[in-house]
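Note: the block below is run-v3.pdb and it holds PDB, C-alpha atoms.
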```
MODEL        1
ATOM      1  CA  MET B 233       6.419   4.476   9.200  1.00  0.00           C
ATOM      2  CA  SER B 234       6.430   6.148   5.767  1.00  0.00           C
ATOM      3  CA  PHE B 235       3.791   8.587   4.572  1.00  0.00           C
ATOM      4  CA  ARG B 236       2.380   6.060   2.102  1.00  0.00           C
ATOM      5  CA  GLU B 237       2.158   3.325   4.711  1.00  0.00           C
ATOM      6  CA  LYS B 238       0.207   5.680   6.966  1.00  0.00           C
ATOM      7  CA  SER B 239      -1.980   6.508   3.991  1.00  0.00           C
ATOM      8  CA  ALA B 240      -2.617   2.788   3.412  1.00  0.00           C
ATOM      9  CA  TRP B 241      -3.618   2.435   7.080  1.00  0.00           C
ATOM     10  CA  ILE B 242      -6.016   5.367   6.684  1.00  0.00           C
ATOM     11  CA  ALA B 243      -7.613   3.704   3.631  1.00  0.00           C
ATOM     12  CA  PHE B 244      -7.876   0.356   5.426  1.00  0.00           C
ATOM     13  CA  ILE B 245      -9.424   1.788   8.606  1.00  0.00           C
ATOM     14  CA  THR B 246     -11.718   4.195   6.733  1.00  0.00           C
ATOM     15  CA  TYR B 247     -13.088   1.522   4.417  1.00  0.00           C
ATOM     16  CA  THR B 248     -13.516  -0.960   7.269  1.00  0.00           C
ATOM     17  CA  THR B 249     -15.354   1.538   9.454  1.00  0.00           C
ATOM     18  CA  VAL B 250     -17.541   3.287   6.879  1.00  0.00           C
ATOM     19  CA  PHE B 251     -18.499   0.278   4.768  1.00  0.00           C
ATOM     20  CA  GLY B 252     -18.592  -2.048   7.774  1.00  0.00           C
ATOM     21  CA  GLY B 253     -21.257   0.267   9.193  1.00  0.00           C
ATOM     22  CA  TYR B 254     -22.938   0.580   5.808  1.00  0.00           C
ATOM     23  CA  PHE B 255     -23.325  -3.169   5.279  1.00  0.00           C
ATOM     24  CA  PHE B 256     -24.304  -3.752   8.909  1.00  0.00           C
ATOM     25  CA  TYR B 257     -27.124  -1.188   8.820  1.00  0.00           C
ATOM     26  CA  LEU B 258     -28.171  -2.242   5.325  1.00  0.00           C
ATOM     27  CA  ALA B 259     -28.525  -5.853   6.520  1.00  0.00           C
ATOM     28  CA  GLN B 260     -30.565  -4.688   9.541  1.00  0.00           C
ATOM     29  CA  ALA B 261     -32.873  -2.487   7.472  1.00  0.00           C
ATOM     30  CA  TRP B 262     -33.109  -4.709   4.391  1.00  0.00           C
ATOM     31  CA  ASP B 263     -36.617  -4.901   2.954  1.00  0.00           C
ATOM     32  CA  ASP B 264     -37.226  -6.285  -0.534  1.00  0.00           C
ATOM     33  CA  THR B 265     -39.951  -3.704  -1.220  1.00  0.00           C
ATOM     34  CA  TYR B 266     -37.750  -0.665  -0.530  1.00  0.00           C
ATOM     35  CA  ALA B 267     -34.402  -2.256  -1.385  1.00  0.00           C
ATOM     36  CA  ARG B 268     -33.637  -0.003  -4.366  1.00  0.00           C
ATOM     37  CA  GLY B 269     -34.260   3.328  -2.607  1.00  0.00           C
ATOM     38  CA  LEU B 270     -32.640   2.122   0.605  1.00  0.00           C
ATOM     39  CA  THR B 271     -29.516   0.976  -1.181  1.00  0.00           C
ATOM     40  CA  ILE B 272     -29.148   4.112  -3.304  1.00  0.00           C
ATOM     41  CA  GLY B 273     -29.681   6.398  -0.315  1.00  0.00           C
ATOM     42  CA  MET B 274     -27.303   4.558   1.960  1.00  0.00           C
ATOM     43  CA  THR B 275     -24.682   4.221  -0.782  1.00  0.00           C
ATOM     44  CA  ILE B 276     -24.664   7.974  -1.408  1.00  0.00           C
ATOM     45  CA  GLY B 277     -24.383   8.564   2.339  1.00  0.00           C
ATOM     46  CA  ALA B 278     -21.544   6.054   2.746  1.00  0.00           C
ATOM     47  CA  VAL B 279     -19.570   7.450  -0.205  1.00  0.00           C
ATOM     48  CA  VAL B 280     -19.950  11.031   1.041  1.00  0.00           C
ATOM     49  CA  VAL B 281     -18.804  10.036   4.555  1.00  0.00           C
ATOM     50  CA  LEU B 282     -15.925   7.994   3.099  1.00  0.00           C
ATOM     51  CA  VAL B 283     -14.694  10.895   0.963  1.00  0.00           C
ATOM     52  CA  ILE B 284     -14.946  13.421   3.807  1.00  0.00           C
ATOM     53  CA  VAL B 285     -13.196  11.187   6.358  1.00  0.00           C
ATOM     54  CA  ALA B 286     -10.464  10.114   3.905  1.00  0.00           C
ATOM     55  CA  VAL B 287      -9.780  13.691   2.773  1.00  0.00           C
ATOM     56  CA  VAL B 288      -9.674  15.049   6.337  1.00  0.00           C
ATOM     57  CA  LEU B 289      -7.337  12.290   7.557  1.00  0.00           C
ATOM     58  CA  ASN B 290      -5.025  12.494   4.529  1.00  0.00           C
ATOM     59  CA  VAL B 291      -4.840  16.304   4.684  1.00  0.00           C
ATOM     60  CA  THR B 292      -4.058  16.101   8.414  1.00  0.00           C
ATOM     61  CA  LEU B 293      -1.366  13.523   7.696  1.00  0.00           C
ATOM     62  CA  ALA B 294       0.096  15.718   4.943  1.00  0.00           C
ATOM     63  CA  LEU B 295       0.162  18.726   7.290  1.00  0.00           C
ATOM     64  CA  PHE B 296       2.312  16.771   9.757  1.00  0.00           C
ATOM     65  CA  SER B 297       4.763  15.581   7.071  1.00  0.00           C
ATOM     66  CA  PRO B 298       4.513  17.996   4.106  1.00  0.00           C
ATOM     67  CA  LYS B 299       7.900  17.035   2.640  1.00  0.00           C
ATOM     68  CA  GLU B 300       6.970  13.347   2.355  1.00  0.00           C
ATOM     69  CA  ALA B 301       3.475  14.177   1.141  1.00  0.00           C
ATOM     70  CA  ASN B 302       4.818  16.218  -1.773  1.00  0.00           C
ATOM     71  CA  ALA B 303       7.553  13.750  -2.722  1.00  0.00           C
ATOM     72  CA  PRO B 304       6.769  11.355  -5.583  1.00  0.00           C
ATOM     73  CA  ALA B 305       6.574   7.635  -4.764  1.00  0.00           C
ATOM     74  CA  ASP B 306       9.987   5.979  -4.919  1.00  0.00           C
ATOM     75  CA  GLU B 307      10.659   2.706  -6.771  1.00  0.00           C
ATOM     76  CA  ARG B 308       9.836   0.440  -3.805  1.00  0.00           C
ATOM     77  CA  GLU B 309       6.591   2.258  -3.053  1.00  0.00           C
ATOM     78  CA  THR B 310       5.591   2.039  -6.718  1.00  0.00           C
ATOM     79  CA  LEU B 311       6.384  -1.695  -6.756  1.00  0.00           C
ATOM     80  CA  ILE B 312       4.362  -2.235  -3.571  1.00  0.00           C
ATOM     81  CA  ASP B 313       1.444  -0.360  -5.090  1.00  0.00           C
ATOM     82  CA  LEU B 314       1.550  -2.483  -8.255  1.00  0.00           C
ATOM     83  CA  LYS B 315       1.803  -5.774  -6.340  1.00  0.00           C
ATOM     84  CA  ALA B 316      -1.105  -4.829  -4.075  1.00  0.00           C
ATOM     85  CA  GLU B 317      -3.151  -3.701  -7.070  1.00  0.00           C
ATOM     86  CA  ARG B 318      -2.576  -7.062  -8.782  1.00  0.00           C
ATOM     87  CA  ILE B 319      -3.760  -9.058  -5.755  1.00  0.00           C
ATOM     88  CA  SER B 320      -6.749  -6.758  -5.402  1.00  0.00           C
ATOM     89  CA  SER B 321      -7.679  -7.229  -9.073  1.00  0.00           C
ATOM     90  CA  TYR B 322      -7.817 -11.030  -8.578  1.00  0.00           C
ATOM     91  CA  VAL B 323     -10.253 -10.573  -5.683  1.00  0.00           C
ATOM     92  CA  GLN B 324     -12.363  -8.127  -7.659  1.00  0.00           C
ATOM     93  CA  SER B 325     -12.459 -10.362 -10.741  1.00  0.00           C
ATOM     94  CA  ALA B 326     -13.458 -13.393  -8.663  1.00  0.00           C
ATOM     95  CA  GLY B 327     -16.238 -11.383  -7.029  1.00  0.00           C
ATOM     96  CA  VAL B 328     -17.563 -10.093 -10.351  1.00  0.00           C
ATOM     97  CA  ALA B 329     -17.448 -13.574 -11.928  1.00  0.00           C
ATOM     98  CA  CYS B 330     -19.386 -15.086  -9.002  1.00  0.00           C
ATOM     99  CA  LEU B 331     -21.988 -12.308  -9.155  1.00  0.00           C
ATOM    100  CA  ILE B 332     -22.486 -12.719 -12.907  1.00  0.00           C
ATOM    101  CA  GLY B 333     -23.263 -16.365 -12.099  1.00  0.00           C
ATOM    102  CA  ALA B 334     -25.676 -15.245  -9.369  1.00  0.00           C
ATOM    103  CA  LEU B 335     -27.480 -12.945 -11.817  1.00  0.00           C
ATOM    104  CA  LEU B 336     -27.760 -15.737 -14.380  1.00  0.00           C
ATOM    105  CA  MET B 337     -29.259 -17.968 -11.681  1.00  0.00           C
ATOM    106  CA  GLY B 338     -31.979 -15.369 -11.120  1.00  0.00           C
ATOM    107  CA  TRP B 339     -30.874 -13.653  -7.922  1.00  0.00           C
ATOM    108  CA  ASN B 340     -32.476 -10.343  -6.986  1.00  0.00           C
ATOM    109  CA  ALA B 341     -30.658  -7.655  -9.029  1.00  0.00           C
ATOM    110  CA  ILE B 342     -30.538  -5.163  -6.127  1.00  0.00           C
ATOM    111  CA  LEU B 343     -29.023  -7.804  -3.861  1.00  0.00           C
ATOM    112  CA  VAL B 344     -26.438  -8.589  -6.530  1.00  0.00           C
ATOM    113  CA  ALA B 345     -25.660  -4.862  -6.814  1.00  0.00           C
ATOM    114  CA  VAL B 346     -25.073  -4.718  -3.050  1.00  0.00           C
ATOM    115  CA  LEU B 347     -22.863  -7.800  -3.221  1.00  0.00           C
ATOM    116  CA  LEU B 348     -20.965  -6.137  -6.072  1.00  0.00           C
ATOM    117  CA  GLN B 349     -20.362  -3.161  -3.785  1.00  0.00           C
ATOM    118  CA  ALA B 350     -19.136  -5.595  -1.128  1.00  0.00           C
ATOM    119  CA  SER B 351     -16.806  -7.158  -3.672  1.00  0.00           C
ATOM    120  CA  LEU B 352     -15.345  -3.741  -4.550  1.00  0.00           C
ATOM    121  CA  VAL B 353     -14.913  -2.856  -0.883  1.00  0.00           C
ATOM    122  CA  ILE B 354     -13.244  -6.205  -0.117  1.00  0.00           C
ATOM    123  CA  ALA B 355     -10.904  -5.689  -3.088  1.00  0.00           C
ATOM    124  CA  GLU B 356      -9.999  -2.241  -1.738  1.00  0.00           C
ATOM    125  CA  LEU B 357      -9.377  -3.686   1.739  1.00  0.00           C
ATOM    126  CA  VAL B 358      -7.193  -6.403   0.233  1.00  0.00           C
ATOM    127  CA  LYS B 359      -5.233  -3.730  -1.639  1.00  0.00           C
ATOM    128  CA  SER B 360      -4.546  -1.552   1.382  1.00  0.00           C
ATOM    129  CA  GLY B 361      -3.947  -4.651   3.544  1.00  0.00           C
ATOM    130  CA  ALA B 362      -1.429  -6.011   1.032  1.00  0.00           C
ATOM    131  CA  GLN B 363       0.305  -2.618   0.886  1.00  0.00           C
ATOM    132  CA  ILE B 364       0.640  -2.587   4.673  1.00  0.00           C
ATOM    133  CA  ILE B 365       2.063  -6.130   4.711  1.00  0.00           C
ATOM    134  CA  TYR B 366       4.554  -5.318   1.930  1.00  0.00           C
ATOM    135  CA  PHE B 367       5.597  -2.111   3.687  1.00  0.00           C
ATOM    136  CA  ARG B 368       6.134  -4.061   6.918  1.00  0.00           C
ATOM    137  CA  ARG B 369       8.030  -7.064   5.588  1.00  0.00           C
ATOM    138  CA  GLY B 370       9.679  -5.599   2.465  1.00  0.00           C
ATOM    139  CA  ALA B 371       8.587  -5.756  -1.160  1.00  0.00           C
TER     140      ALA B 371
ATOM    141  CA  MET F 201      17.247 -12.727  -0.704  1.00  0.00           C
ATOM    142  CA  ALA F 202      20.161 -13.448  -3.075  1.00  0.00           C
ATOM    143  CA  ILE F 203      21.474  -9.873  -3.102  1.00  0.00           C
ATOM    144  CA  GLU F 204      23.518  -8.868  -0.067  1.00  0.00           C
ATOM    145  CA  ASN F 205      25.076  -5.513   0.681  1.00  0.00           C
ATOM    146  CA  GLU F 206      27.628  -3.609   2.731  1.00  0.00           C
ATOM    147  CA  ILE F 207      25.599  -0.450   3.211  1.00  0.00           C
ATOM    148  CA  ARG F 208      25.683  -0.515   7.005  1.00  0.00           C
ATOM    149  CA  ARG F 209      29.497  -0.801   7.039  1.00  0.00           C
ATOM    150  CA  LEU F 210      29.897   1.845   4.334  1.00  0.00           C
ATOM    151  CA  ARG F 211      27.655   4.267   6.207  1.00  0.00           C
ATOM    152  CA  PHE F 212      29.803   3.725   9.308  1.00  0.00           C
ATOM    153  CA  GLU F 213      33.005   4.322   7.329  1.00  0.00           C
ATOM    154  CA  ASN F 214      31.555   7.495   5.825  1.00  0.00           C
ATOM    155  CA  GLY F 215      31.232   9.395   9.060  1.00  0.00           C
ATOM    156  CA  GLU F 216      28.225   7.397  10.304  1.00  0.00           C
ATOM    157  CA  MET F 217      26.114   8.692   7.447  1.00  0.00           C
ATOM    158  CA  THR F 218      22.462   8.510   8.459  1.00  0.00           C
ATOM    159  CA  GLN F 219      19.904   6.457   6.544  1.00  0.00           C
ATOM    160  CA  GLN F 220      18.001   9.693   5.903  1.00  0.00           C
ATOM    161  CA  ALA F 221      21.078  11.371   4.397  1.00  0.00           C
ATOM    162  CA  LEU F 222      21.706   8.380   2.140  1.00  0.00           C
ATOM    163  CA  ALA F 223      18.024   8.272   1.175  1.00  0.00           C
ATOM    164  CA  GLU F 224      18.123  11.934   0.148  1.00  0.00           C
ATOM    165  CA  ARG F 225      21.238  11.392  -1.969  1.00  0.00           C
ATOM    166  CA  VAL F 226      19.699   8.362  -3.698  1.00  0.00           C
ATOM    167  CA  GLY F 227      16.235   9.883  -4.063  1.00  0.00           C
ATOM    168  CA  VAL F 228      14.251   7.276  -2.131  1.00  0.00           C
ATOM    169  CA  THR F 229      12.577   7.188   1.275  1.00  0.00           C
ATOM    170  CA  ARG F 230      14.420   6.264   4.460  1.00  0.00           C
ATOM    171  CA  GLN F 231      12.186   3.186   4.722  1.00  0.00           C
ATOM    172  CA  THR F 232      13.471   1.998   1.347  1.00  0.00           C
ATOM    173  CA  ILE F 233      17.084   2.375   2.495  1.00  0.00           C
ATOM    174  CA  ILE F 234      16.195   0.389   5.635  1.00  0.00           C
ATOM    175  CA  ALA F 235      14.604  -2.357   3.497  1.00  0.00           C
ATOM    176  CA  ILE F 236      17.670  -2.500   1.210  1.00  0.00           C
ATOM    177  CA  GLU F 237      20.082  -2.532   4.146  1.00  0.00           C
ATOM    178  CA  GLN F 238      18.187  -5.399   5.764  1.00  0.00           C
ATOM    179  CA  ASN F 239      18.181  -7.367   2.470  1.00  0.00           C
ATOM    180  CA  LYS F 240      14.395  -7.181   2.312  1.00  0.00           C
ATOM    181  CA  TYR F 241      14.363  -5.336  -0.992  1.00  0.00           C
ATOM    182  CA  ALA F 242      16.673  -5.543  -4.011  1.00  0.00           C
ATOM    183  CA  PRO F 243      17.005  -2.038  -5.492  1.00  0.00           C
ATOM    184  CA  SER F 244      16.863  -1.200  -9.178  1.00  0.00           C
ATOM    185  CA  LEU F 245      20.144  -0.943 -11.039  1.00  0.00           C
ATOM    186  CA  GLU F 246      19.816   2.842 -11.082  1.00  0.00           C
ATOM    187  CA  ALA F 247      19.306   3.058  -7.314  1.00  0.00           C
ATOM    188  CA  ALA F 248      22.162   0.607  -6.754  1.00  0.00           C
ATOM    189  CA  PHE F 249      24.523   2.803  -8.811  1.00  0.00           C
ATOM    190  CA  LYS F 250      23.361   5.883  -6.928  1.00  0.00           C
ATOM    191  CA  ILE F 251      24.070   4.183  -3.587  1.00  0.00           C
ATOM    192  CA  ALA F 252      27.547   3.207  -4.746  1.00  0.00           C
ATOM    193  CA  ASP F 253      28.086   6.759  -5.985  1.00  0.00           C
ATOM    194  CA  ALA F 254      27.034   8.156  -2.598  1.00  0.00           C
ATOM    195  CA  PHE F 255      29.925   6.201  -1.038  1.00  0.00           C
ATOM    196  CA  SER F 256      32.270   6.861  -4.000  1.00  0.00           C
ATOM    197  CA  VAL F 257      32.929   3.157  -4.463  1.00  0.00           C
ATOM    198  CA  PRO F 258      32.237   0.754  -7.354  1.00  0.00           C
ATOM    199  CA  LEU F 259      28.946  -1.133  -7.401  1.00  0.00           C
ATOM    200  CA  GLU F 260      30.518  -4.473  -6.501  1.00  0.00           C
ATOM    201  CA  SER F 261      31.869  -2.983  -3.275  1.00  0.00           C
ATOM    202  CA  VAL F 262      28.314  -2.358  -2.113  1.00  0.00           C
ATOM    203  CA  PHE F 263      26.313  -5.269  -3.498  1.00  0.00           C
ATOM    204  CA  ARG F 264      27.104  -8.907  -4.112  1.00  0.00           C
ATOM    205  CA  TRP F 265      25.058 -11.728  -5.453  1.00  0.00           C
ATOM    206  CA  LYS F 266      24.921 -14.768  -3.207  1.00  0.00           C
ATOM    207  CA  LYS F 267      24.455 -18.017  -5.081  1.00  0.00           C
ATOM    208  CA  SER F 268      21.777 -20.125  -3.425  1.00  0.00           C
TER     209      SER F 268
ENDMDL
END
```
Write-out of the structure in structure tokens:
Amino acid sequence: MSFREKSAWIAFITYTTVFGGYFFYLAQAWDDTYARGLTIGMTIGAVVVLVIVAVVLNVTLALFSPKEANAPADERETLIDLKAERISSYVQSAGVACLIGALLMGWNAILVAVLLQASLVIAELVKSGAQIIYFRRGA
Amino acid sequence: MAIENEIRRLRFENGEMTQQALAERVGVTRQTIIAIEQNKYAPSLEAAFKIADAFSVPLESVFRWKKS
């Protein structure tokens, strides 16, 4: 397994775990009165945890394979990255378009903001998932 | 895939050159050489020329296009 495939796995698992927990606890604790403060607080916490976990795992990975970590992406890895990014952008655009519609229909703005976060997270999961699939079966 | 190759045979004929050694000469990862060898990925023209150069053979001795 190449360094970049391992890195894609780290992104996929980290996002699933951290934001899975974030959305689960947010749904449990959701209260319309305190929604704004709750969301901001939990978002900051989730982002901080995500950054720390991702940095620690990627640095550890780089320590085990420093040569690969320092090498630039080759042509296949670059192509895989671009293909995954394209698929991810479709997901993100669809999510944003749906949420603009939700806002226009009068949905709670904080709820829409949370759903926008979910859309971004899903797009990121799709990206790393697509990268893993392309790495496995060829680009 | 429409592009087929003789990399496995050429590696064997060149002293059982490893995929890692070929990857280093071409400037790609070993996984990319594996993908090319298994016809899962068609390399760029530049990488194809570099692979042929690594075996000191012309391009058409390494790759061929299979009409579908």
inquiry  = Please expand the PyMOL selection byres ((chain B and resi 314) around 12) into the concrete residues it hits in this file, giving the result as a PyMOL selection string.
reply    = chain B and resi 305+307-313+315-321+359-360+362-363+366+371
query = So what do you get for CA of Thr232 (chain F) versus CA of Val288 (chain B), distance-wise?
reply =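 Distance reported for this atom pair: 27.0 Å.
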inquiry  = Once the PyMOL selection byres ((chain B and resi 345) around 12) has been evaluated on this model, what residues remain selected, and can you format them as a list in words?
reply    =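 Going through the file, the PyMOL selection byres ((chain B and resi 345) around 12) ends up selecting Ala267, Arg268, Thr271, Ile272, Thr275, Gly327, Val328, Leu331, Ile332, Ala334, Leu335, Trp339, Asn340, Ala341, Ile342, Leu343, Val344, Val346, Leu347, Leu348, Gln349, Ala350, Ser351 and Leu352 of chain B.
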Closest of B:Ala240, B:Val291, B:Val353, B:Ala303 to chain F - atom-to-atom distances counting all atoms listed in the file = B:Ala303
Could you please tell me, as a PDB file with C-alpha atoms, in the frame of the given file, which residues of chain F have an atom within 10 Å of chain B when using all atoms listed in the file?
```pdb
ATOM      1  CA  GLY F 227      16.235   9.883  -4.063  1.00  0.00           C
ATOM      2  CA  VAL F 228      14.251   7.276  -2.131  1.00  0.00           C
ATOM      3  CA  THR F 229      12.577   7.188   1.275  1.00  0.00           C
ATOM      4  CA  ARG F 230      14.420   6.264   4.460  1.00  0.00           C
ATOM      5  CA  GLN F 231      12.186   3.186   4.722  1.00  0.00           C
ATOM      6  CA  THR F 232      13.471   1.998   1.347  1.00  0.00           C
ATOM      7  CA  ILE F 233      17.084   2.375   2.495  1.00  0.00           C
ATOM      8  CA  ILE F 234      16.195   0.389   5.635  1.00  0.00           C
ATOM      9  CA  ALA F 235      14.604  -2.357   3.497  1.00  0.00           C
ATOM     10  CA  ILE F 236      17.670  -2.500   1.210  1.00  0.00           C
ATOM     11  CA  GLN F 238      18.187  -5.399   5.764  1.00  0.00           C
ATOM     12  CA  ASN F 239      18.181  -7.367   2.470  1.00  0.00           C
ATOM     13  CA  LYS F 240      14.395  -7.181   2.312  1.00  0.00           C
ATOM     14  CA  TYR F 241      14.363  -5.336  -0.992  1.00  0.00           C
ATOM     15  CA  ALA F 242      16.673  -5.543  -4.011  1.00  0.00           C
ATOM     16  CA  PRO F 243      17.005  -2.038  -5.492  1.00  0.00           C
ATOM     17  CA  SER F 244      16.863  -1.200  -9.178  1.00  0.00           C
ATOM     18  CA  ALA F 247      19.306   3.058  -7.314  1.00  0.00           C
TER      19      ALA F 247
END
```
request  = Run through the PyMOL selection byres ((chain B and resi 357) around 8) on the given coordinates and return the selected residues as an NGL selection string.
outcome  = :B and (243-244 or 247-248 or 353-356 or 358-361)
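Picture a line from CA of Ala286 (chain B) to CA of Phe251 (chain B); it runs 12.7 Å.
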Please enclose the listed atoms of region 214-229 of chain F in an axis-aligned box, pad each side by 4 Å, and write out the centre and the three edge lengths in Å, rounded to one decimal, as lines of an AutoDock Vina configuration file.
```
center_x = 22.1
center_y = 9.2
center_z = 3.1
size_x = 27.0
size_y = 13.5
size_z = 22.4
```
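As for CA of Leu336 (chain B) and CA of Val323 (chain B), they are spaced 20.2 Å apart.
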